[in-house]
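Chemist: Have a look at this one.
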Amino acid sequence: MKGLFFSGLLALLSTPFATASTPHEDVLQLAASGNGLIKLNAQTYELLTSPKRTWSASIQFTAMDAKRKCAPCAQFDPQWKAVAKSWRGVPVKQRDEHFFATVDFDDAPTIFQKLGLASAPIVFNYPAAAGERKPASGKTGPIKYDFGDGFDAGPLAEVISKFTPIPVPYKEPIDWTKASLAIVAIPAVLLLLRYLGPVVQNRWVWAVGTILTSLVMTSGYMFVRIRAAPWNGGGGNWIAAGHQNQYGQEVQVIAFIYGLLSFSFLMLIMVVPYQKSPSRQRIQIYLWTGVIMIMYSVLVSIFRVKNRGYPFKLWL
Amino acid sequence: MSPSSWRTLPFLLLVSVTSVFASSKSFENTAIVRTAELGGSVVHVTTTYAIKALDDGQKTYTVALGRAEREKTSFIEAKVKGSKEPLKIKERALDTSKDYHLVDITLPKALSTDKTLNLVLETVQTHATWPSPATAAQNEDQSLKYQTNLLILSPYKTSVQRTKVKTLSPRIISYTTPENAKDLTDKDVVTKSGATVTYGPYDNLPSSTNKEFIEKYQQSILIHYHHEQPVLEVLNLQRSVEVSHWGANINTEDKIDLYNAGPKLKGHFSRLQHQSQKYFNKLSAHVLPALTLHLPAGLSNPYYYDLIGNVSTSNIRIAPSVPKNKQGTQFSVLEIRPRYPLLGGWNYTFTLGWDLPLGDVASYDKSAGKYTVEVPIMTPLLGAVVNNAELSVVLPEGASNIEILEPFPALAKRTDIHKTYLDTTGRPRLTFIYKNLTVKHAESIYVSYKLSWVAHLKKPVAVSTAILGLFTLGMFVRRINLSLTPTRKV
Amino acid sequence: MSTAYAVPTDLPPSTVKNAASLLRIVALSLISGAAIASRLFAVINFESIIHEFDPWFNYRATRVLAAKGFYEFWNWFDPTAWYPLGRVVGGTVYPGLMATSGVIYNILHAINLPVDIRNICVLLAPGFSALTAWSTYMFTKEMKDPSAGLLAAAFIGIAPGYISRSVAGSYDNEAIAIFLLMFTFYCWIKALKQGSALFGTIAAVFYFYMVAAWGGYVFITNMIPLHALVLVLMGRFSDRLYVAYSSWYAIGTLASMQVPFVGFQPVSTSEHMGALGVFGLLQIVAFGQLVRSHVSSQQFQKLLQVSVVVIGLLGAFAFAFLTYNGKIAPWTGRFYSLWDTGYAKKYIPIIASVSEHQPTAWPSFFMDLQFLIFAFPAGVILCFRELRDEHLFVIIYAVMASYFAGVMVRLMLTLTPVVCVASAIALSNLLDTYIDPTEPTPVEDDTKSESEASTVGTNGSNAPAAQAPSGKKIKKAAAAVNVSGSALSDFVAATKATESGSKVKKGIFGLDVRAVVVFNTIGLLAFFVLHCTWTTAMAYSSPSVVLASSGPDGSQHIIDDFREAYYWLRQNTAEDAVVMSWWDYGYQIAGMADRPTLVDNNTWNNTHIATVGKAMSSSEENAYPILRKHDVEYILVIFGGLIGYSGDDINKFLWMVRIAQGVWPDEIQESNYFTNTGEYRVDDRASKTMKESLMYKMSYYRFADLFGGGQGTDRVRQQSLPKVGPTLDYLDEAFTSENWIVRIYQVKKEDPLGRDLKSANAFSEGKKRKRGKPTSRRRALVQ
């Protein structure tokens, strides 16, 4: 807070002599006006990334404008802001050595062209190009941040800390809603147990739970989750090409088919024999056998789509 | 040279000297022609002596070899020209003080005065040539050098002698012209025509197995020539032959360490260059892409692998089996492609094996009640010398009073017991050790042994008792009840 | 009692019994035969050879064991691995596999059967698969009956999910582990049912064997306690449980601690704490039971229960505390990554980079288990129907395993057995029902059945409305409607019925329906067999060491480049020449080329691997010092560009970069290896860093020349290469295999004149050079 005040003051002071001010002061001023997160345009970008910079900087290239339809940008922006915000908390001396900035495509498309950026969001870290913080390796070019770990703020802060004088003091914000929910939930569950005792003790509740779990798992749910696979391919195709790949929608379809098939097995085993009347029983048997045949051939045909080389096919 | 021979040396000297002295006027050589056919690691030297007895009842004729040559020679054989069977040979002890070595040949029948006879002395020299230059790049030629003596020594007078050196290709780079041979001949001392260099004819040589002559005339000649085939050496050959009466087959397995003794590869191997050379069919002489072996006819399930498994790049054409008594000329041809082309100085080890129906190689002599098995000592690998060979023959279990008939003596022999395939008492194994084998040595050992019918039954009895034992054991185990309360069943 | 078809009645029961047992034995032996035979594709199509990568190490270790004996093996320090560090093999392997084949080897040689150790190793997995089938039979027999057992045995015998890890030649720990897993479980169930300490002990012994054989033993270590815990929570605690668990845990844990590689983990790591905790809990509960049986006072009962809970909580807290201050090691990375699935990719890229650690898409499930995958939920439900203790085990196993299999492809292996068991239960139930000849007495009155259905059915009330009084067609239709409408109600009814025991007569009317269902089932099974055969032959039977390519005429042509190059190394390089390659090939080089390697498939040292990654991904000048520092003599790279072998190093390159980046983030950046449009290319548009990287240069060195001035194309990347290939200054091409798959380079020694090799090369090629240090040096020399 104090730091903020100070920088504000500094900005105030520097305004009159803006002409005579050093680049660093200008940047400080920008930072102050941007409240720790500089919003860059073409000129200020040049200023911030000037080859004689004694400071380091982390710049986010994004396209927040709605018409750009950049979902990841929107997804990443808050994380970025959070990290930048956490930087404001550090002592002035170190804080003024590193700056966070954002370039929006609509503000300065030229920069994007200059850097040959075709996608967003992108984060470049500019190490200091002069002064004592110039890296020993002498590499002063921008270093791209690898989004391999997703858009989370945590890893981002870690990486940026490599360029800042002191590590970015970023802390995962405690999710109060979750926490409070948990606090409420535990007694609630205990309470429920008192009344739902019979439900909890009913084996068929558990049975259904078990089956649903294993069905979902065996139809590739974890794959979709870990690989963050899209819901579907768009344009109505919901089957991902390739044997080692799948869309979210496939999970449901396959799980349903599996479920239906095993359900009809169960009908044949557990229900049909208890039918009193031969005619009804006969119909049911034919029905469920038919279901098995049809669903199975559907399943195989879907599998043939996934695995081109598969030689077998049932009726379909 | 072993100490024992040291001790006997003076005596031997005496003997040899006297013998030379004695024999020097009992014969004369009307003509001697020596032909050296230069190969890679093997050099065939054929010397024809036209001899004339000067005295009655001459039974032994003595020939002399240069000592260096004797050390290289791994095979000596003397015949009367035109006849098949070799004559008996007795080598004198090697005498390091002289640089010649004498060999006595026993003639088929004593010669009386002025009777003539044509003797053919065949020797095979190994490791007699060396690559020069010692290294060659992948696309360069290979050239070898061979050194030998100019004159053929003999304890007898010689009217005329000449030495021919033949190479496989006419591309002879250089050959020595002897200086002080002028006064031995009136024609030119050396002539080259095509792939042959001829030294001589040199006329009227006195008995030459003495110091002064050798110092005066003898000198070494050096031939530098191109060689078109790779120079191959088998560093080690381990052949194990296993005779089985139950399987009615004889299994042969060769462990071969192959080495390309040509000029070492200069620089590195470039696959690109190799492929283009192969494409234009211009592989250099010292590159061995593949080699062919002649295996016996009628073999079954042949295998060819190395330390890391089967070598997929090989094929075999199996000729039909040939019965024992008939003379089989055709053989199966195995074409081996090593995993990688064998360049100069590269090694490649592999194992090779096959089965043969026992009937093709074994015979049963009713009267003696003995089986006789023919075991070839080696499979000749064309133009290659086998530096060290070990042949082990495993006879069936219970084979008794074994007899061996070998074409030439082995350096070492031993007999021990070898146990495989559910043996109880084990099988007798004979092992023979050889050095520097060449094509000439590719002959067979004949092993004969008795085998009683009881021995045949050994295996089945042993196996069946073992299995019976297992069953009885199982029977008892089944009846052991471990539960504390015998009544309870689960 | 009427029967649907004629059955002989005059057979004495003993005959039936004997015939049945004979049939069972015959069936089992046939199944074993099938299990073994179906794993021999690899041997028949190729040869008796060790497959893939890890097996080569196991094979090598086994050879040492067979040649030098167990103690030598125990103390074996292998200086050639992880050069220059070396590896204490005895203490860092699960010796179970090697010991097993060592024992077999010695037995065979004791009875004078000279079987080559390689063949034992190759055929070990098929042999044990037969045993697995048998133990699965025993296990399922405990669940239902022998007929289900036979089905289960048949399933596991040919299920691709298990074959994938146990074909002849895949000589890996899993080969024996699955048998041990199933047999341990069988013994556990048996012990639980009988409360026999004997079976508990046997279970412990096999658990020990499992611990000695496979890291996956932790699955057992947590499955059995979980089972016990659930039983306790369900109030099914019994002395049988107590005896079984205590005997298993006490002996098993002590035994498992004898394996040096495991050591004190069973008492010091989180993976094993569950077992310990349950052990403690059981003691408490047992004590509680004891006291309860003697004391009657209500308050005391209360007090007791409270104290039990309190002690339990205390234990939990103690565990948490110990973990917190490091007395108990937290979950190891591999296991942790099973729960927090993002973990591995972030923190242990090496584990993430292994293909068999990827999550599983559904086609893999179907490929590996085919119709079992949807038959097995039915089996699980049936387990719920008669919920005996052992059925709980199957249920828990099913849930756990299906989760794990979803997270990691490789754990499909642990799922397969339970899937086989459960679906066997389902199918044998089905067949029992429909083959059973007894016919119930029909009740042809519809209104009755209707009313029944509607009274029973919760939502069946609308059904009667749809009913018409008479007319066969309409009746059928109505019935159909009813069926579809009140399926659930029927289901509930059925479950009720089962609960209310055998009062309800159940059975099947008529022969045709029996035939339909039975034929349908047989059809399923037949299809399954076809599928398994095809999958095994196509997908799981190639020994990745030898590749097979089929020519246009369908003739099989074998590509043997790997062994060609390895054998060349073995025969024509110095005994102690250090070979650097990416870690995938470490074991193969050690096994086949018999040369020291920098890194191998035992990925315990991230930094060392990252070093290799760095050398591969940085430019020649920067890589050279690294190579020299590690005495690297030869570098081996795999290059598929000529014949389109996709598993080559260029495709793995990004992982090398990532792993290197993990350690040297400021020297290696993954993004530099992409074009600035973010593509991964090797052609003209490839980024500068990419083109200068050692890996790129070694892969494409002189590759362009092969096309004789024509446009060279990379068959894997489907990109056309630059006309002028890369040049090498610090390396020499030493050997390249026939199809260019393996390329070996020799690292040059420093220049005798002390120049850097680049300028030395330039000089020797007689290029025009600006005058500089080298010239002056040289002049000095001349004078």
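Following the order of the structure tokens, first chain is A, next is B, and so on, with residues numbered from 1 inside each chain and ligands from 1 in the order they appear.
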Using DSSP on the backbone coordinates, identify the residues of range 215-325 of chain B assigned to strand (DSSP E or B); present them as a ChimeraX atom specification.
Modeler: /B:220-226,232-244,249-260,264-265,288,291-295,300-306,309-310,314-317
Chemist: Can you pull out every residue within 7 Å of Pro266 in chain C, counting only C-alpha atoms, but drop anything in the same chain fewer than 5 positions away, and send it as a list in words?
Modeler: Thr253, Met257 and His272 of chain C
Chemist: Go ahead and save the picked residues with C-alpha atoms, as an mmCIF file, in the first residue's frame.
Modeler:
```cif
data_model
loop_
_atom_site.group_PDB
_atom_site.id
_atom_site.type_symbol
_atom_site.label_atom_id
_atom_site.label_comp_id
_atom_site.auth_asym_id
_atom_site.auth_seq_id
_atom_site.Cartn_x
_atom_site.Cartn_y
_atom_site.Cartn_z
ATOM 1 C CA THR C 253 4.915 -57.150 5.860
ATOM 2 C CA MET C 257 10.831 -55.911 4.186
ATOM 3 C CA HIS C 272 1.713 -48.738 3.063
#
```
Chemist: Got a sec: who's within 6 Å of range 193-203 of chain C, counting only C-alpha atoms, leaving out chain neighbours fewer than 5 positions off, as a list of chain:residue names?
Modeler: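 My list of contacting residues is C:Thr184, C:Cys187, C:Trp188, C:Arg240, C:Val243, C:Ala244, C:Ser247, C:Trp248.
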Chemist: Keeping only C-alpha atoms, write the selected residues as a PDB file, in the first residue's frame.
Modeler:
```pdb
ATOM      1  CA  THR C 184      -2.606 -63.771  -3.540  1.00  0.00           C
ATOM      2  CA  CYS C 187      -5.545 -67.063  -0.936  1.00  0.00           C
ATOM      3  CA  TRP C 188      -6.868 -63.957   0.795  1.00  0.00           C
ATOM      4  CA  ARG C 240     -12.353 -65.102  10.377  1.00  0.00           C
ATOM      5  CA  VAL C 243      -7.373 -64.170  11.719  1.00  0.00           C
ATOM      6  CA  ALA C 244      -6.998 -63.834   7.977  1.00  0.00           C
ATOM      7  CA  SER C 247      -1.780 -63.458   9.646  1.00  0.00           C
ATOM      8  CA  TRP C 248      -1.501 -61.951   6.184  1.00  0.00           C
TER       9      TRP C 248
END
```
Chemist: Which residues come within 7 Å of range 36-42 of chain B, counting only C-alpha atoms, excluding same-chain residues fewer than 3 positions away, as a ChimeraX atom specification?
Modeler: /B:45-46,124-129,164-167,231-232,383-385
Chemist: Nearest to chain B among C:Arg702, C:Lys68, C:Arg685, C:Arg514, with distances taken over only C-alpha atoms: which residue is it?
Modeler: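 Nearest to chain B: C:Arg702.
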Chemist: How many Å separate CA of Ala129 in chain A from CA of Met656 in chain C?
Modeler: 29.5 Å
Chemist: Name the residues in contact with range 242-256 of chain B at a cut-off of 8 Å, using only C-alpha atoms, excluding same-chain residues fewer than 3 positions from it; report them as an MDAnalysis selection string.
Modeler: chainID B and resid 234:239 349:359 393:396 456
Chemist: For the atom pair CA of Gly398 in chain B and CA of Asp416 in chain B, what is the interatomic distance in Å to one decimal place?
Modeler: 12.8 Å
Chemist: Identify which of the residues C:Ala130, C:Ile395, C:Ala154, C:Val278 lies closest to chain A, counting only C-alpha atoms when measuring atom-to-atom distances.
Modeler: C:Ile395
Chemist: Please compute the CA of Ala53 in chain B-CA of Thr158 in chain B distance, one decimal, in Å.
Modeler: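 According to the coordinates, CA of Ala53 in chain B and CA of Thr158 in chain B are separated by 12.5 Å.
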Chemist: Set out as JSON lines a contact list for chain C and chain B with a cut-off of 7 Å, giving each residue of chain C that qualifies its closest atom pair and distance in Å to one decimal, counting only C-alpha atoms, ordered by chain and rising residue number.
Modeler:
```
{"residue": "C:Ile49", "atom": "CA", "partner": "B:Gly309", "partner_atom": "CA", "distance": 6.6}
{"residue": "C:Ile111", "atom": "CA", "partner": "B:Leu422", "partner_atom": "CA", "distance": 5.8}
{"residue": "C:Asn112", "atom": "CA", "partner": "B:Leu422", "partner_atom": "CA", "distance": 4.8}
{"residue": "C:Leu113", "atom": "CA", "partner": "B:Tyr421", "partner_atom": "CA", "distance": 4.8}
{"residue": "C:Pro114", "atom": "CA", "partner": "B:Thr420", "partner_atom": "CA", "distance": 6.0}
{"residue": "C:Glu564", "atom": "CA", "partner": "B:Arg339", "partner_atom": "CA", "distance": 5.0}
{"residue": "C:Gln571", "atom": "CA", "partner": "B:Asn347", "partner_atom": "CA", "distance": 5.7}
{"residue": "C:Asn572", "atom": "CA", "partner": "B:Trp346", "partner_atom": "CA", "distance": 5.9}
{"residue": "C:Met592", "atom": "CA", "partner": "B:Ile308", "partner_atom": "CA", "distance": 6.1}
{"residue": "C:Leu706", "atom": "CA", "partner": "B:Leu272", "partner_atom": "CA", "distance": 6.6}
{"residue": "C:Glu733", "atom": "CA", "partner": "B:His268", "partner_atom": "CA", "distance": 6.8}
{"residue": "C:Ala734", "atom": "CA", "partner": "B:His268", "partner_atom": "CA", "distance": 5.3}
{"residue": "C:Phe735", "atom": "CA", "partner": "B:Phe269", "partner_atom": "CA", "distance": 5.7}
{"residue": "C:Thr736", "atom": "CA", "partner": "B:Arg271", "partner_atom": "CA", "distance": 5.6}
```
Chemist: Quick one: write out the picked residues with N, CA, C and O atoms as an mmCIF file, in the first residue's frame?
Modeler:
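See again-v6.cif below for the written result:
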```cif
data_model
loop_
_atom_site.group_PDB
_atom_site.id
_atom_site.type_symbol
_atom_site.label_atom_id
_atom_site.label_comp_id
_atom_site.auth_asym_id
_atom_site.auth_seq_id
_atom_site.Cartn_x
_atom_site.Cartn_y
_atom_site.Cartn_z
ATOM 1 N N ILE C 49 13.034 -63.988 -29.369
ATOM 2 C CA ILE C 49 13.892 -62.847 -29.048
ATOM 3 C C ILE C 49 13.224 -62.021 -27.951
ATOM 4 O O ILE C 49 11.998 -62.001 -27.836
ATOM 5 N N ILE C 111 18.500 -81.517 -14.143
ATOM 6 C CA ILE C 111 18.091 -82.775 -14.780
ATOM 7 C C ILE C 111 18.642 -82.847 -16.204
ATOM 8 O O ILE C 111 18.069 -83.484 -17.081
ATOM 9 N N ASN C 112 19.768 -82.151 -16.403
ATOM 10 C CA ASN C 112 20.468 -82.250 -17.689
ATOM 11 C C ASN C 112 19.594 -81.909 -18.881
ATOM 12 O O ASN C 112 19.568 -82.618 -19.871
ATOM 13 N N LEU C 113 18.828 -80.832 -18.758
ATOM 14 C CA LEU C 113 18.137 -80.307 -19.940
ATOM 15 C C LEU C 113 18.786 -78.979 -20.296
ATOM 16 O O LEU C 113 18.522 -77.967 -19.651
ATOM 17 N N PRO C 114 19.702 -78.961 -21.248
ATOM 18 C CA PRO C 114 20.470 -77.743 -21.538
ATOM 19 C C PRO C 114 19.636 -76.723 -22.306
ATOM 20 O O PRO C 114 19.845 -76.514 -23.493
ATOM 21 N N GLU C 564 21.592 -54.756 -36.243
ATOM 22 C CA GLU C 564 22.766 -54.533 -37.100
ATOM 23 C C GLU C 564 23.712 -53.545 -36.426
ATOM 24 O O GLU C 564 24.885 -53.828 -36.208
ATOM 25 N N GLN C 571 31.032 -55.509 -31.896
ATOM 26 C CA GLN C 571 32.154 -56.207 -32.512
ATOM 27 C C GLN C 571 33.317 -55.293 -32.842
ATOM 28 O O GLN C 571 34.458 -55.733 -32.834
ATOM 29 N N ASN C 572 33.030 -54.043 -33.158
ATOM 30 C CA ASN C 572 34.073 -53.221 -33.769
ATOM 31 C C ASN C 572 34.365 -51.925 -33.034
ATOM 32 O O ASN C 572 34.890 -50.994 -33.625
ATOM 33 N N MET C 592 22.541 -55.556 -25.965
ATOM 34 C CA MET C 592 22.940 -56.107 -27.261
ATOM 35 C C MET C 592 24.324 -55.648 -27.673
ATOM 36 O O MET C 592 25.106 -56.428 -28.206
ATOM 37 N N LEU C 706 21.436 -38.498 -50.348
ATOM 38 C CA LEU C 706 20.885 -39.795 -50.727
ATOM 39 C C LEU C 706 19.972 -39.662 -51.935
ATOM 40 O O LEU C 706 19.826 -40.577 -52.729
ATOM 41 N N GLU C 733 30.571 -39.361 -38.822
ATOM 42 C CA GLU C 733 29.637 -40.464 -39.000
ATOM 43 C C GLU C 733 30.440 -41.761 -38.923
ATOM 44 O O GLU C 733 31.383 -41.980 -39.672
ATOM 45 N N ALA C 734 30.093 -42.616 -37.958
ATOM 46 C CA ALA C 734 30.861 -43.853 -37.784
ATOM 47 C C ALA C 734 30.166 -45.026 -38.441
ATOM 48 O O ALA C 734 30.792 -45.861 -39.075
ATOM 49 N N PHE C 735 28.855 -45.079 -38.305
ATOM 50 C CA PHE C 735 28.123 -46.206 -38.888
ATOM 51 C C PHE C 735 26.675 -45.794 -39.089
ATOM 52 O O PHE C 735 26.131 -45.030 -38.292
ATOM 53 N N THR C 736 26.080 -46.280 -40.164
ATOM 54 C CA THR C 736 24.668 -46.054 -40.411
ATOM 55 C C THR C 736 24.078 -47.353 -40.897
ATOM 56 O O THR C 736 24.645 -48.016 -41.762
#
```
Chemist: Leaving out Phe366 in chain C and any residue of its chain fewer than 3 positions from it, which residues lie within 10 Å of it when counting only C-alpha atoms, given as a list in words?
Modeler: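 Everything that qualifies: Thr218, Ser219, Leu299, Val300 and Phe303 of chain A; Pro160, Gly161, Ala361, Trp362, Pro363, Leu369, Gln370, Phe371, Leu372, Ile373 and Phe374 of chain C.
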Chemist: Near chain C, which residues of chain A fall within 6 Å when you count only C-alpha atoms, and what do they look like as a list in words?
Modeler: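 Written out as asked, the residues are Ile211, Ser214, Met217, Ser219, Gly220, Met222, Phe223, Gln244, Asn245, Tyr258, Ser262, Leu266, Ile269, Val271, Pro273, Tyr274, Lys276, Ser277, Pro278 and Arg280 of chain A.
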Chemist: If you count only C-alpha atoms, which residues fall within 8 Å of Val272 in chain A, apart from same-chain ones fewer than 5 positions away, as a PyMOL selection string?
Modeler: (chain A and resi 267+281+284-285) or (chain C and resi 508)
Chemist: Taking the chain letters and numbering used in this document, name the residues of range 129-249 of chain B that DSSP puts in alpha helix (DSSP H), as a list in words.
Modeler: Lys211, Glu212, Phe213, Ile214, Glu215, Lys216 and Tyr217 of chain B
Chemist: For the selection you just gave me, I'd like the residues written to a file as a CSV table (one decimal), in the first residue's frame, keeping N, CA and C atoms.
Modeler:
```
chain,number,residue,atom,x,y,z
B,211,LYS,N,76.0,-73.0,-46.1
B,211,LYS,CA,76.1,-71.5,-45.8
B,211,LYS,C,76.6,-70.7,-47.0
B,212,GLU,N,77.7,-71.1,-47.5
B,212,GLU,CA,78.4,-70.2,-48.5
B,212,GLU,C,77.5,-70.0,-49.7
B,213,PHE,N,76.9,-71.1,-50.2
B,213,PHE,CA,76.0,-70.8,-51.3
B,213,PHE,C,74.9,-69.9,-51.0
B,214,ILE,N,74.3,-70.1,-49.8
B,214,ILE,CA,73.1,-69.3,-49.4
B,214,ILE,C,73.6,-67.9,-49.3
B,215,GLU,N,74.7,-67.7,-48.6
B,215,GLU,CA,75.1,-66.3,-48.5
B,215,GLU,C,75.4,-65.7,-49.9
B,216,LYS,N,75.9,-66.5,-50.8
B,216,LYS,CA,76.3,-65.9,-52.1
B,216,LYS,C,75.1,-65.6,-52.9
B,217,TYR,N,74.2,-66.6,-53.0
B,217,TYR,CA,73.1,-66.4,-54.0
B,217,TYR,C,71.8,-66.1,-53.5
```
Chemist: For Thr289 in chain A, which of A:Ser180, A:Ser50, A:Ser119, A:Ser264 is the closest residue, counting only C-alpha atoms?
Modeler: A:Ser264
